[in-house]
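Have a look at final_1.cif; it's mmCIF, C-alpha atoms:
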```cif
data_work
#
loop_
_atom_site.label_atom_id
_atom_site.label_comp_id
_atom_site.auth_asym_id
_atom_site.auth_seq_id
_atom_site.Cartn_x
_atom_site.Cartn_y
_atom_site.Cartn_z
CA ILE A 1 14.25 -43.14 -15.15
CA GLU A 2 17.74 -44.50 -15.58
CA VAL A 3 18.90 -45.30 -19.09
CA PRO A 4 22.29 -46.14 -20.60
CA ASP A 5 24.25 -43.39 -22.35
CA SER A 6 23.47 -45.06 -25.66
CA TYR A 7 19.80 -44.16 -25.18
CA HIS A 8 20.69 -40.47 -25.03
CA HIS A 9 23.05 -40.74 -28.01
CA GLN A 10 20.23 -41.66 -30.36
CA LEU A 11 18.51 -38.36 -29.51
CA PHE A 12 21.49 -35.99 -29.92
CA GLY A 13 20.89 -33.49 -32.70
CA THR A 14 17.10 -33.82 -32.70
CA THR A 15 14.51 -31.22 -31.73
CA LEU A 16 12.95 -31.10 -28.28
CA ASP A 17 9.59 -32.05 -29.79
CA TYR A 18 11.07 -35.16 -31.42
CA MET A 19 13.03 -36.09 -28.28
CA TRP A 20 10.06 -35.78 -25.91
CA ARG A 21 7.66 -37.62 -28.26
CA PHE A 22 10.21 -40.42 -28.44
CA MET A 23 10.65 -40.58 -24.64
CA LYS A 24 6.93 -40.17 -23.91
CA LYS A 25 6.26 -43.24 -26.03
CA ASP A 26 9.16 -45.29 -24.60
CA PHE A 27 8.40 -44.51 -20.96
CA ASN A 28 4.65 -43.86 -21.07
CA LEU A 29 5.16 -40.43 -19.50
CA PRO A 30 1.97 -38.93 -17.99
CA LEU A 31 2.71 -35.34 -19.11
CA THR A 32 1.94 -33.99 -22.54
CA VAL A 33 4.87 -33.39 -24.89
CA GLU A 34 4.32 -29.66 -24.46
CA GLU A 35 4.50 -29.98 -20.66
CA CYS A 36 7.69 -32.04 -20.89
CA ILE A 37 9.29 -29.44 -23.15
CA ALA A 38 8.24 -26.57 -20.89
CA ARG A 39 9.55 -28.25 -17.71
CA GLY A 40 12.78 -29.33 -19.36
CA GLU A 41 13.39 -25.90 -20.87
CA ALA A 42 12.74 -24.15 -17.55
CA ILE A 43 15.36 -26.33 -15.85
CA ARG A 44 17.83 -25.93 -18.73
CA HIS A 45 17.44 -22.13 -18.89
CA GLU A 46 17.93 -21.90 -15.14
CA MET A 47 21.17 -23.88 -15.46
CA LEU A 48 22.36 -21.84 -18.45
CA ALA A 49 21.65 -18.54 -16.72
CA SER A 50 24.32 -19.37 -14.18
CA GLN A 51 26.92 -20.30 -16.81
CA THR A 52 28.90 -18.37 -19.38
CA ILE A 53 28.43 -19.39 -23.00
CA ARG A 54 31.79 -20.47 -24.40
CA SER A 55 32.66 -21.51 -27.91
CA ILE A 56 34.28 -24.76 -28.92
CA PRO A 57 38.02 -24.07 -29.12
CA GLY A 58 38.99 -22.92 -32.61
CA VAL A 59 35.48 -22.56 -33.98
CA ILE A 60 35.26 -18.76 -33.99
CA ASP A 61 38.60 -18.49 -35.78
CA LEU A 62 37.36 -21.02 -38.37
CA ILE A 63 34.11 -19.07 -38.84
CA LYS A 64 36.04 -15.84 -39.37
CA ARG A 65 38.45 -17.48 -41.86
CA LEU A 66 35.55 -18.95 -43.87
CA HIS A 67 33.74 -15.61 -43.80
CA ASP A 68 36.90 -13.74 -44.91
CA ALA A 69 37.20 -16.22 -47.79
CA LYS A 70 33.67 -15.17 -48.88
CA ILE A 71 32.16 -18.58 -48.10
CA PRO A 72 28.43 -18.20 -47.37
CA LEU A 73 27.70 -19.51 -43.88
CA ALA A 74 24.57 -20.72 -42.14
CA ILE A 75 23.77 -22.25 -38.80
CA ALA A 76 21.43 -25.20 -39.24
CA SER A 77 20.59 -26.48 -35.78
CA SER A 78 17.93 -28.52 -34.06
CA SER A 79 18.05 -25.95 -31.28
CA SER A 80 15.25 -23.42 -30.94
CA ASN A 81 15.46 -20.04 -32.68
CA LYS A 82 15.68 -18.45 -29.22
CA ASP A 83 18.67 -20.61 -28.21
CA ILE A 84 20.46 -20.07 -31.53
CA ALA A 85 20.03 -16.29 -31.17
CA LYS A 86 21.26 -16.39 -27.58
CA VAL A 87 24.45 -18.22 -28.54
CA VAL A 88 25.34 -16.23 -31.67
CA ASP A 89 24.74 -12.98 -29.81
CA ALA A 90 26.71 -14.06 -26.71
CA LEU A 91 29.63 -15.07 -28.93
CA ALA A 92 29.24 -11.97 -31.17
CA ILE A 93 29.24 -14.06 -34.35
CA ARG A 94 25.88 -13.16 -35.91
CA PRO A 95 27.46 -10.91 -38.60
CA TYR A 96 29.34 -13.88 -40.06
CA PHE A 97 26.19 -15.83 -40.95
CA GLN A 98 23.81 -15.20 -43.82
CA ALA A 99 21.20 -17.59 -42.41
CA LEU A 100 20.16 -19.04 -39.06
CA VAL A 101 17.88 -22.06 -39.44
CA SER A 102 16.28 -23.89 -36.53
CA GLY A 103 14.64 -27.28 -36.44
CA GLU A 104 11.58 -25.29 -35.35
CA ASP A 105 11.47 -23.89 -38.89
CA CYS A 106 11.17 -27.35 -40.45
CA GLU A 107 8.47 -29.98 -40.61
CA ARG A 108 10.88 -32.80 -39.74
CA SER A 109 13.94 -32.74 -37.46
CA LYS A 110 17.28 -34.43 -37.85
CA PRO A 111 17.98 -37.18 -38.89
CA PHE A 112 15.80 -35.90 -41.73
CA PRO A 113 17.61 -33.46 -44.06
CA ASP A 114 15.10 -30.60 -43.86
CA VAL A 115 17.19 -28.16 -41.77
CA PHE A 116 20.21 -28.50 -44.08
CA LEU A 117 18.11 -28.21 -47.23
CA LYS A 118 16.46 -25.07 -45.86
CA ALA A 119 19.86 -23.59 -44.97
CA ALA A 120 21.25 -24.35 -48.45
CA LYS A 121 18.19 -22.73 -50.01
CA ALA A 122 18.59 -19.64 -47.80
CA LEU A 123 22.22 -19.37 -48.94
CA GLN A 124 21.23 -20.06 -52.56
CA VAL A 125 23.69 -22.95 -52.62
CA ASP A 126 23.24 -26.37 -54.20
CA PRO A 127 23.33 -28.85 -51.27
CA THR A 128 25.86 -30.99 -53.18
CA GLN A 129 28.21 -27.99 -53.01
CA ALA A 130 27.75 -27.49 -49.27
CA LEU A 131 29.91 -28.70 -46.41
CA VAL A 132 28.24 -29.40 -43.09
CA ILE A 133 30.26 -29.54 -39.89
CA GLU A 134 28.34 -31.77 -37.52
CA ASP A 135 28.97 -33.23 -34.06
CA ALA A 136 26.00 -35.57 -33.64
CA VAL A 137 25.07 -38.85 -35.28
CA ASN A 138 21.61 -37.60 -36.26
CA GLY A 139 23.15 -34.48 -37.77
CA VAL A 140 25.58 -36.55 -39.87
CA LYS A 141 22.68 -38.68 -41.10
CA ALA A 142 20.72 -35.53 -41.97
CA ALA A 143 23.68 -33.97 -43.79
CA LYS A 144 24.25 -37.08 -45.88
CA ALA A 145 20.50 -37.37 -46.61
CA ALA A 146 20.61 -33.74 -47.84
CA GLY A 147 23.37 -34.68 -50.30
CA THR A 148 25.98 -32.46 -48.64
CA LYS A 149 29.55 -33.28 -47.77
CA CYS A 150 29.90 -33.75 -44.04
CA LEU A 151 32.82 -33.16 -41.75
CA GLY A 152 32.24 -34.93 -38.46
CA PHE A 153 33.54 -33.11 -35.41
CA GLN A 154 34.27 -35.56 -32.61
CA ASN A 155 34.21 -33.08 -29.76
CA PRO A 156 36.64 -34.31 -27.10
CA ALA A 157 34.61 -32.47 -24.43
CA PHE A 158 31.40 -34.26 -25.37
CA THR A 159 30.08 -37.83 -25.29
CA LYS A 160 31.56 -39.75 -28.22
CA GLN A 161 29.18 -39.99 -31.16
CA ASP A 162 29.17 -42.50 -34.02
CA LEU A 163 30.15 -40.20 -36.89
CA ARG A 164 31.33 -42.92 -39.31
CA GLN A 165 28.95 -41.77 -42.05
CA ALA A 166 30.77 -38.41 -42.26
CA ASP A 167 33.21 -37.87 -45.13
CA CYS A 168 35.93 -37.11 -42.60
CA ILE A 169 36.21 -36.90 -38.82
CA VAL A 170 38.29 -34.29 -36.97
CA THR A 171 38.81 -33.62 -33.27
CA ASN A 172 40.17 -30.06 -33.49
CA LEU A 173 38.46 -27.28 -35.43
CA GLY A 174 41.27 -24.86 -34.61
CA THR A 175 43.73 -26.70 -36.83
CA LEU A 176 41.29 -27.23 -39.71
CA THR A 177 42.48 -25.39 -42.81
CA LEU A 178 40.35 -23.93 -45.59
CA GLU A 179 42.17 -26.22 -48.01
CA GLU A 180 41.00 -29.23 -45.98
CA CYS A 181 37.43 -27.92 -46.05
CA PHE A 182 37.51 -27.52 -49.83
CA SER A 183 39.31 -30.81 -50.49
CA TYR A 184 36.02 -32.70 -50.19
CA PHE A 185 34.83 -31.20 -53.47
CA GLU A 186 37.77 -32.28 -55.66
#
```

As structure tokens, how would this structure be written, given the file I've shared?
Amino acid sequence: IEVPDSYHHQLFGTTLDYMWRFMKKDFNLPLTVEECIARGEAIRHEMLASQTIRSIPGVIDLIKRLHDAKIPLAIASSSSNKDIAKVVDALAIRPYFQALVSGEDCERSKPFPDVFLKAAKALQVDPTQALVIEDAVNGVKAAKAAGTKCLGFQNPAFTKQDLRQADCIVTNLGTLTLEECFSYFE
């Protein structure tokens, strides 16, 4: 099934369950949602097994600087718990995070705010005092719905997302200063 890039963009940042339910309805797919997820995941894991997991340039340095500044950190992702664990372990960044929250842990996926609210609760932080760094339109919508400040990361290596609802948009996490992160709360 050929679709324009814009079709895919509306699904970035959502869970696999949400994505496949959406596509099953749009394209009247004969498989169950569970079968679609299983087939898609098998193909994706096969592809990932042959690749090295690499971080976005500058992100690990930013994580370490925030951690060193005693800022509580969480990952709040639509990815599965298994995929989140695989990435944080491959990048050796698990010790920097106090919480890892997956869309699997929530009743509703992005663009609903559940994953960010759950992460804020796990960190014992008021969502209005949290800053979300997000690279997908649905994630920005979820962050704003949660009442958080949102820094949109327009990843130059990724398909351009509509991040206009973010409080600010950056294209380089490596040059982001702690002062810039905190400036959204003044």

### Message
So the first atom is atom CA of A:Phe153 and the second is atom CA of A:Gly40; what is the distance between them in Å, to one decimal place?
### Response
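Rounded to one decimal, the two atoms are 26.5 Å apart.
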
### Task
Please write the residues picked by the PyMOL selection byres ((chain A and resi 170) around 9) on this file as a ChimeraX atom specification.
/A:151-155,168-169,171-173,176

### Task
Could you state which residues are captured by the PyMOL selection byres ((chain A and resi 139-149) around 8) in this file, as a ChimeraX atom specification?
/A:13-14,110-114,116-117,127-132,134-138,150-152,163,165-167,184

### Task
Just say which residues the PyMOL selection byres ((chain A and resi 34) around 12) picks in this file, as a PyMOL selection string.
chain A and resi 16-21+24+29-33+35-41

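Picture a line from atom CA of A:Ser102 to atom CA of A:Leu11; it runs 16.2 Å.
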
### Message
Just checking: using all atoms listed in the file, which residue out of A:Asp61, A:Asp162, A:Glu46, A:Asp26 ends up closest to A:Thr177?
### Response
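Under the stated criterion, the closest residue is A:Asp61.
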
### Task
For atom CA of A:Lys82 and atom CA of A:Glu104, quote the distance in Å rounded to one decimal.
10.1 Å

#### Entry: Spatial neighbours of A:Ile75, 9 Å, all atoms listed in the file, chain gap at least 2 places, as a list in words
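So, after excluding close chain neighbours, the residues are Leu73, Ser77, Ile84, Phe97, Gln98, Ala99, Leu100, Val101, Ser102, Phe116 and Ala119 of chain A.
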